[in-house]
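*Asks:* Structure in structure tokens, see below.
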Amino acid sequence: MPALLTPHLPLAGLGAALCLALPAAGFAADTGSGKAWSSCQPLGVVERRVVAKAEVGVEALRDYVYITRGIHRLSMIDVTKHLDDWLAAAHCAGMAVDETAVRRNVALAARMPRI
């Protein structure tokens, strides 16, 4: 068994070196941008989709929340409660978001009666 692994040891060393070098290179490249990236809260997949759907329109947002309510336990109350945090995280992550459209569509969707 060790004879089978012997030819692949140089590749394993190269992989380990790349794994150690790449995060440091990403950190060095990101520190010059002026952002304090460590203070940014990560935006989850669901939150990213909510912000994107809210930017598209009221019906898109309500449909997404309705469809995913059982899977992600998401409601319009949660969206309105956490919207400020999600928008801040979206801006921090570099997402180009029309904040006025998102806020308007969330407010309209929250006022609509539930189906």
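Here, A, B, ... name the chains of the structure tokens in the order displayed, residue numbers run from 1 inside each chain, and ligands are numbered from 1 in the same displayed order.
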Just want the 7 Å neighbourhood of segment 70-86 of chain A, counted on only C-alpha atoms, with same-chain residues fewer than 5 positions away dropped. Output as a list in words.

*Replies:*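 So the residues in contact are Leu43, Glu47, Val65, Val106 and Ala110 of chain A.
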
*Asks:* So what do you get for atom CA of Ala93 of chain A versus atom CA of Gly44 of chain A, distance-wise?

*Replies:*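 Separating atom CA of Ala93 of chain A from atom CA of Gly44 of chain A is a distance of 10.9 Å.
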
*Asks:* What separation in Å, quoted to one decimal, exists between atom CA of Gly57 of chain A and atom CA of Leu108 of chain A?

*Replies:*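 Interatomic distance here is 9.6 Å.
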
*Asks:* Looking only at alpha helix (DSSP H) from DSSP on the backbone, list the matching residues of segment 48-103 of chain A as a PyMOL selection string.

*Replies:* chain A and resi 48-56+58-72+76-92+99-103

*Asks:* Mind writing the picked residues with N, CA and C atoms as a short mmCIF file (atom, residue, chain, number, x, y, z; two decimals), in the first residue's frame?

*Replies:*
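selection-v5.cif, written as the output of this step:
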data_model
loop_
_atom_site.label_atom_id
_atom_site.label_comp_id
_atom_site.auth_asym_id
_atom_site.auth_seq_id
_atom_site.Cartn_x
_atom_site.Cartn_y
_atom_site.Cartn_z
N ARG A 48 -29.45 36.34 0.72
CA ARG A 48 -29.06 36.90 -0.58
C ARG A 48 -30.21 36.79 -1.58
N ARG A 49 -30.90 35.66 -1.57
CA ARG A 49 -32.03 35.47 -2.49
C ARG A 49 -33.19 36.39 -2.11
N VAL A 50 -33.44 36.59 -0.82
CA VAL A 50 -34.52 37.49 -0.40
C VAL A 50 -34.24 38.91 -0.89
N VAL A 51 -33.02 39.38 -0.71
CA VAL A 51 -32.67 40.72 -1.16
C VAL A 51 -32.81 40.82 -2.68
N ALA A 52 -32.35 39.81 -3.40
CA ALA A 52 -32.45 39.82 -4.86
C ALA A 52 -33.90 39.79 -5.31
N LYS A 53 -34.72 38.96 -4.68
CA LYS A 53 -36.14 38.89 -5.06
C LYS A 53 -36.87 40.18 -4.70
N ALA A 54 -36.51 40.79 -3.57
CA ALA A 54 -37.14 42.05 -3.19
C ALA A 54 -36.77 43.16 -4.17
N GLU A 55 -35.61 43.08 -4.75
CA GLU A 55 -35.21 44.07 -5.74
C GLU A 55 -35.99 43.90 -7.05
N VAL A 56 -36.34 42.65 -7.37
CA VAL A 56 -37.10 42.37 -8.60
C VAL A 56 -38.52 42.90 -8.48
N VAL A 58 -42.47 42.92 -5.79
CA VAL A 58 -43.27 42.45 -4.66
C VAL A 58 -43.69 41.00 -4.85
N GLU A 59 -44.19 40.67 -6.04
CA GLU A 59 -44.66 39.31 -6.28
C GLU A 59 -43.52 38.30 -6.22
N ALA A 60 -42.36 38.66 -6.75
CA ALA A 60 -41.21 37.75 -6.70
C ALA A 60 -40.81 37.48 -5.26
N LEU A 61 -40.82 38.52 -4.43
CA LEU A 61 -40.47 38.36 -3.02
C LEU A 61 -41.49 37.49 -2.31
N ARG A 62 -42.76 37.81 -2.48
CA ARG A 62 -43.80 37.03 -1.79
C ARG A 62 -43.80 35.58 -2.25
N ASP A 63 -43.59 35.34 -3.54
CA ASP A 63 -43.54 33.96 -4.04
C ASP A 63 -42.36 33.20 -3.42
N TYR A 64 -41.19 33.85 -3.35
CA TYR A 64 -40.02 33.18 -2.77
C TYR A 64 -40.24 32.86 -1.30
N VAL A 65 -40.77 33.81 -0.56
CA VAL A 65 -41.01 33.58 0.87
C VAL A 65 -42.06 32.49 1.06
N TYR A 66 -43.10 32.51 0.25
CA TYR A 66 -44.16 31.51 0.35
C TYR A 66 -43.64 30.12 0.02
N ILE A 67 -42.85 30.02 -1.05
CA ILE A 67 -42.35 28.71 -1.47
C ILE A 67 -41.35 28.14 -0.47
N THR A 68 -40.52 28.98 0.11
CA THR A 68 -39.46 28.48 1.00
C THR A 68 -39.83 28.54 2.48
N ARG A 69 -41.06 28.87 2.81
CA ARG A 69 -41.43 29.02 4.23
C ARG A 69 -41.29 27.72 5.01
N GLY A 70 -41.59 26.61 4.40
CA GLY A 70 -41.49 25.33 5.09
C GLY A 70 -40.06 24.82 5.21
N ILE A 71 -39.24 25.17 4.26
CA ILE A 71 -37.85 24.68 4.25
C ILE A 71 -36.98 25.53 5.17
N HIS A 72 -37.06 26.86 5.00
CA HIS A 72 -36.17 27.77 5.73
C HIS A 72 -36.82 28.46 6.91
N MET A 76 -42.62 36.82 6.16
CA MET A 76 -42.46 38.24 5.85
C MET A 76 -42.13 39.01 7.12
N ILE A 77 -42.56 38.53 8.27
CA ILE A 77 -42.20 39.18 9.53
C ILE A 77 -40.69 39.10 9.74
N ASP A 78 -40.09 37.93 9.45
CA ASP A 78 -38.64 37.78 9.56
C ASP A 78 -37.92 38.69 8.58
N VAL A 79 -38.46 38.79 7.37
CA VAL A 79 -37.83 39.63 6.35
C VAL A 79 -37.82 41.08 6.79
N THR A 80 -38.95 41.57 7.28
CA THR A 80 -39.01 42.98 7.70
C THR A 80 -38.14 43.23 8.94
N LYS A 81 -38.06 42.24 9.81
CA LYS A 81 -37.28 42.39 11.04
C LYS A 81 -35.78 42.46 10.76
N HIS A 82 -35.30 41.66 9.80
CA HIS A 82 -33.86 41.53 9.56
C HIS A 82 -33.38 42.25 8.31
N LEU A 83 -34.26 43.01 7.65
CA LEU A 83 -33.90 43.62 6.38
C LEU A 83 -32.72 44.58 6.49
N ASP A 84 -32.66 45.39 7.53
CA ASP A 84 -31.54 46.33 7.68
C ASP A 84 -30.21 45.61 7.77
N ASP A 85 -30.16 44.53 8.54
CA ASP A 85 -28.93 43.75 8.67
C ASP A 85 -28.53 43.10 7.34
N TRP A 86 -29.53 42.57 6.61
CA TRP A 86 -29.25 41.92 5.35
C TRP A 86 -28.77 42.92 4.30
N LEU A 87 -29.35 44.11 4.29
CA LEU A 87 -28.90 45.13 3.34
C LEU A 87 -27.48 45.59 3.66
N ALA A 88 -27.18 45.75 4.94
CA ALA A 88 -25.82 46.14 5.33
C ALA A 88 -24.83 45.07 4.93
N ALA A 89 -25.18 43.80 5.13
CA ALA A 89 -24.30 42.71 4.74
C ALA A 89 -24.15 42.63 3.23
N ALA A 90 -25.22 42.92 2.49
CA ALA A 90 -25.16 42.90 1.03
C ALA A 90 -24.23 44.00 0.52
N HIS A 91 -24.32 45.19 1.10
CA HIS A 91 -23.42 46.28 0.70
C HIS A 91 -21.98 45.94 1.07
N CYS A 92 -21.79 45.36 2.22
CA CYS A 92 -20.45 45.00 2.68
C CYS A 92 -19.84 43.92 1.79
N GLU A 99 -31.36 49.90 -2.90
CA GLU A 99 -31.90 49.83 -1.54
C GLU A 99 -33.31 50.40 -1.45
N THR A 100 -33.59 51.47 -2.16
CA THR A 100 -34.94 52.06 -2.10
C THR A 100 -35.97 51.11 -2.67
N ALA A 101 -35.65 50.43 -3.77
CA ALA A 101 -36.59 49.46 -4.35
C ALA A 101 -36.82 48.29 -3.41
N VAL A 102 -35.73 47.81 -2.78
CA VAL A 102 -35.86 46.68 -1.86
C VAL A 102 -36.73 47.07 -0.68
N ARG A 103 -36.47 48.22 -0.08
CA ARG A 103 -37.27 48.65 1.08
C ARG A 103 -38.73 48.87 0.70
#
